[in-house]
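K.L.:
Below you will find the structure I want to go over with you.
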Amino acid sequence: MSETKGWLAVLMANPYTVNERNPTSGSETITIVVATPLEANAVRRERPNAAVVESGIGLARLRERPRGTVVVCGVAGGLRNDLPTGTVLIPHRVRRPDGRELECDAELVSAFVASARRLGAEPVLDALLTAAGIVNGAARLEWAARGYAAVDMETGLIEAQRVAAVRVVLDTPAHELSTDWVHPMRAMLKPWNWPQAAWLAREAPRAARLAARVVAQGIGQ
């Protein structure tokens with residue numbers, strides 16, 4: 001099956017064909033944290049009534065830190081050469097920028113793993129790195145050698161009772177993004193970023209939607 005057909009098979013799957021037990025108590029609110037409007041819209045399409053917080057990159061626009069149960073959803077940068085665009089990552093642990101380790105909630109991780117598999121995606125369960133900026137070049141391979149599969153800029157900044165993350169790999173060591181994309185509007189003003197902008201316009205919505213579907217099914221109805 002080609003990569004395009006693989007994407008289509010996952011995205012066309014009905015996310016509610018199996019009734020999964022909600023991995024939270026009936027009265028517990030799940031806050032879904034996303035960095036960008038693209039990721040927020042993807043989650044809201046899948047779960048219109050979800051409590052979605054658009055935090056900005058690196059939680060830059062987050063006014064109040066969420067508590068309780070928090071799921072971080074969206075795209076990430078791949079650190080390993082064997083993880084192509086579209087790989088689903090559901091980490092058991094996350095390295096915070098200060099070096100501390102965040103252990104993800106085991107029940108949520110299990111629910112999201114089952115959800116990804118029902119959608120036809122075999123998830124990677126290795127650790128996630130949260131960094132202060134875009135990780136490129138040799139730094140990707142250095143972090144990969146230390147056991148990290150992908151990098152984001154949000155999950156490791158969350159302080160809550162229960163935390164989990166569903167990330168879909170967007171950029172990779174073979175297809176790196178400019179560090180300009182930490183500030184997307186500024187990046188678009190630079191002509192040398194336009195080819196990457198075209199690639200992002202094609203791949204980012206698919207990655208964001210896949211992450212949203214894994215989360216939507218994983219937390220039940």
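Ligands are numbered from 1 in the order shown, residues from 1 within each chain, and chains are lettered A, B, ... in the order they appear in the structure tokens.
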Env of Ala160 of chain A: 12 Å cut, atoms = only C-alpha atoms, seq-sep filter 6 positions within chain, self excluded. Answer as a PyMOL selection string.

P.N.:
chain A and resi 30-31+33+64-72+102-105

K.L.:
Next, write the just-selected residues to a file, as a PDB file, in the first residue's frame, keeping C-alpha atoms as the atom set.

P.N.:
```pdb
ATOM      1  CA  ILE A  30     -10.362  15.954  30.089  1.00  0.00           C
ATOM      2  CA  THR A  31      -8.566  19.060  28.864  1.00  0.00           C
ATOM      3  CA  VAL A  33      -4.101  20.989  24.908  1.00  0.00           C
ATOM      4  CA  GLU A  64      -3.774  29.366  33.247  1.00  0.00           C
ATOM      5  CA  ARG A  65      -2.105  25.979  33.551  1.00  0.00           C
ATOM      6  CA  PRO A  66      -4.653  23.151  33.214  1.00  0.00           C
ATOM      7  CA  ARG A  67      -5.013  20.686  36.066  1.00  0.00           C
ATOM      8  CA  GLY A  68      -6.689  17.323  36.459  1.00  0.00           C
ATOM      9  CA  THR A  69      -6.461  15.187  33.315  1.00  0.00           C
ATOM     10  CA  VAL A  70      -4.603  16.738  30.382  1.00  0.00           C
ATOM     11  CA  VAL A  71      -4.011  15.249  26.945  1.00  0.00           C
ATOM     12  CA  VAL A  72      -1.599  17.003  24.608  1.00  0.00           C
ATOM     13  CA  LEU A 102       7.206  13.132  33.255  1.00  0.00           C
ATOM     14  CA  GLU A 103       5.552   9.718  33.466  1.00  0.00           C
ATOM     15  CA  CYS A 104       2.442   9.596  31.293  1.00  0.00           C
ATOM     16  CA  ASP A 105      -0.762   8.160  32.716  1.00  0.00           C
TER      17      ASP A 105
END
```

K.L.:
List every residue of segment 50-196 of chain A that DSSP, applied to the backbone of this structure, places in alpha helix (DSSP H), and write the result as an mmCIF file with N, CA and C atoms, in the first residue's frame.

P.N.:
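Contents of selection_30.cif, as written:
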```
data_model
loop_
_atom_site.group_PDB
_atom_site.id
_atom_site.type_symbol
_atom_site.label_atom_id
_atom_site.label_comp_id
_atom_site.auth_asym_id
_atom_site.auth_seq_id
_atom_site.Cartn_x
_atom_site.Cartn_y
_atom_site.Cartn_z
ATOM 1 N N ALA A 106 -0.713 5.729 32.661
ATOM 2 C CA ALA A 106 -0.688 4.412 32.021
ATOM 3 C C ALA A 106 -2.031 4.042 31.420
ATOM 4 N N GLU A 107 -3.124 4.393 32.081
ATOM 5 C CA GLU A 107 -4.441 4.028 31.567
ATOM 6 C C GLU A 107 -4.771 4.797 30.296
ATOM 7 N N LEU A 108 -4.428 6.072 30.270
ATOM 8 C CA LEU A 108 -4.644 6.860 29.064
ATOM 9 C C LEU A 108 -3.767 6.362 27.916
ATOM 10 N N VAL A 109 -2.509 6.060 28.220
ATOM 11 C CA VAL A 109 -1.613 5.536 27.190
ATOM 12 C C VAL A 109 -2.195 4.265 26.579
ATOM 13 N N SER A 110 -2.667 3.363 27.422
ATOM 14 C CA SER A 110 -3.240 2.112 26.938
ATOM 15 C C SER A 110 -4.453 2.363 26.053
ATOM 16 N N ALA A 111 -5.302 3.299 26.465
ATOM 17 C CA ALA A 111 -6.497 3.603 25.671
ATOM 18 C C ALA A 111 -6.127 4.181 24.315
ATOM 19 N N PHE A 112 -5.132 5.055 24.260
ATOM 20 C CA PHE A 112 -4.736 5.659 22.995
ATOM 21 C C PHE A 112 -4.015 4.658 22.095
ATOM 22 N N VAL A 113 -3.254 3.752 22.677
ATOM 23 C CA VAL A 113 -2.616 2.701 21.871
ATOM 24 C C VAL A 113 -3.686 1.852 21.188
ATOM 25 N N ALA A 114 -4.710 1.456 21.948
ATOM 26 C CA ALA A 114 -5.791 0.663 21.367
ATOM 27 C C ALA A 114 -6.519 1.451 20.281
ATOM 28 N N SER A 115 -6.718 2.732 20.521
ATOM 29 C CA SER A 115 -7.388 3.586 19.543
ATOM 30 C C SER A 115 -6.600 3.675 18.245
ATOM 31 N N ALA A 116 -5.287 3.915 18.352
ATOM 32 C CA ALA A 116 -4.454 4.005 17.149
ATOM 33 C C ALA A 116 -4.503 2.709 16.349
ATOM 34 N N ARG A 117 -4.457 1.586 17.043
ATOM 35 C CA ARG A 117 -4.468 0.303 16.339
ATOM 36 C C ARG A 117 -5.796 0.057 15.640
ATOM 37 N N ARG A 118 -6.893 0.486 16.241
ATOM 38 C CA ARG A 118 -8.182 0.335 15.564
ATOM 39 C C ARG A 118 -8.256 1.180 14.303
ATOM 40 N N ALA A 138 22.377 17.566 13.736
ATOM 41 C CA ALA A 138 22.987 16.511 14.546
ATOM 42 C C ALA A 138 22.273 16.325 15.875
ATOM 43 N N ALA A 139 21.628 17.383 16.364
ATOM 44 C CA ALA A 139 20.931 17.286 17.651
ATOM 45 C C ALA A 139 19.814 16.254 17.600
ATOM 46 N N ARG A 140 19.185 16.095 16.444
ATOM 47 C CA ARG A 140 18.137 15.074 16.335
ATOM 48 C C ARG A 140 18.698 13.684 16.621
ATOM 49 N N LEU A 141 19.797 13.374 15.975
ATOM 50 C CA LEU A 141 20.382 12.047 16.138
ATOM 51 C C LEU A 141 20.938 11.852 17.547
ATOM 52 N N GLU A 142 21.419 12.927 18.142
ATOM 53 C CA GLU A 142 21.935 12.820 19.512
ATOM 54 C C GLU A 142 20.815 12.463 20.483
ATOM 55 N N TRP A 143 19.669 13.116 20.337
ATOM 56 C CA TRP A 143 18.538 12.803 21.212
ATOM 57 C C TRP A 143 17.969 11.430 20.896
ATOM 58 N N ALA A 144 17.961 11.060 19.628
ATOM 59 C CA ALA A 144 17.479 9.723 19.255
ATOM 60 C C ALA A 144 18.348 8.651 19.905
ATOM 61 N N ALA A 145 19.659 8.882 19.933
ATOM 62 C CA ALA A 145 20.575 7.912 20.542
ATOM 63 C C ALA A 145 20.345 7.780 22.041
ATOM 64 N N PRO A 184 5.304 31.226 12.889
ATOM 65 C CA PRO A 184 4.814 30.934 11.535
ATOM 66 C C PRO A 184 4.564 32.158 10.665
ATOM 67 N N MET A 185 3.986 33.209 11.217
ATOM 68 C CA MET A 185 3.689 34.383 10.401
ATOM 69 C C MET A 185 4.975 35.042 9.897
ATOM 70 N N ARG A 186 5.986 35.084 10.750
ATOM 71 C CA ARG A 186 7.268 35.638 10.321
ATOM 72 C C ARG A 186 7.912 34.743 9.266
ATOM 73 N N ALA A 187 7.785 33.427 9.455
ATOM 74 C CA ALA A 187 8.379 32.496 8.497
ATOM 75 C C ALA A 187 7.807 32.699 7.103
ATOM 76 N N MET A 188 6.505 32.973 7.024
ATOM 77 C CA MET A 188 5.870 33.138 5.727
ATOM 78 C C MET A 188 6.330 34.387 4.985
ATOM 79 N N TRP A 194 8.933 29.340 1.522
ATOM 80 C CA TRP A 194 7.695 29.035 0.806
ATOM 81 C C TRP A 194 7.596 27.585 0.350
ATOM 82 N N PRO A 195 8.685 26.952 -0.124
ATOM 83 C CA PRO A 195 8.554 25.520 -0.460
ATOM 84 C C PRO A 195 8.150 24.677 0.755
ATOM 85 N N GLN A 196 8.702 25.004 1.918
ATOM 86 C CA GLN A 196 8.299 24.282 3.124
ATOM 87 C C GLN A 196 6.849 24.578 3.474
#
```

K.L.:
State, in Å with one decimal place, the distance from atom CA of Ala50 of chain A to atom CA of Pro123 of chain A.

P.N.:
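Atom-to-atom, atom CA of Ala50 of chain A to atom CA of Pro123 of chain A, that is 23.2 Å.
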
K.L.:
By how many Å are atom CA of Ala131 of chain A and atom CA of Glu159 of chain A apart?

P.N.:
15.6 Å

K.L.:
Measuring atom to atom with only C-alpha atoms, identify which of A:Thr85, A:Asn49, A:Thr29, A:Ser55 is nearest to Pro205 of chain A.

P.N.:
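Distance minimum relative to Pro205 of chain A lands on A:Thr85.
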
K.L.:
At a cut-off of 7 Å, using only C-alpha atoms, what residues contact Val34 of chain A? Leave out same-chain residues fewer than 2 positions from it and give the result as a PyMOL selection string.

P.N.:
chain A and resi 32+36+39-40+53-55+72-74
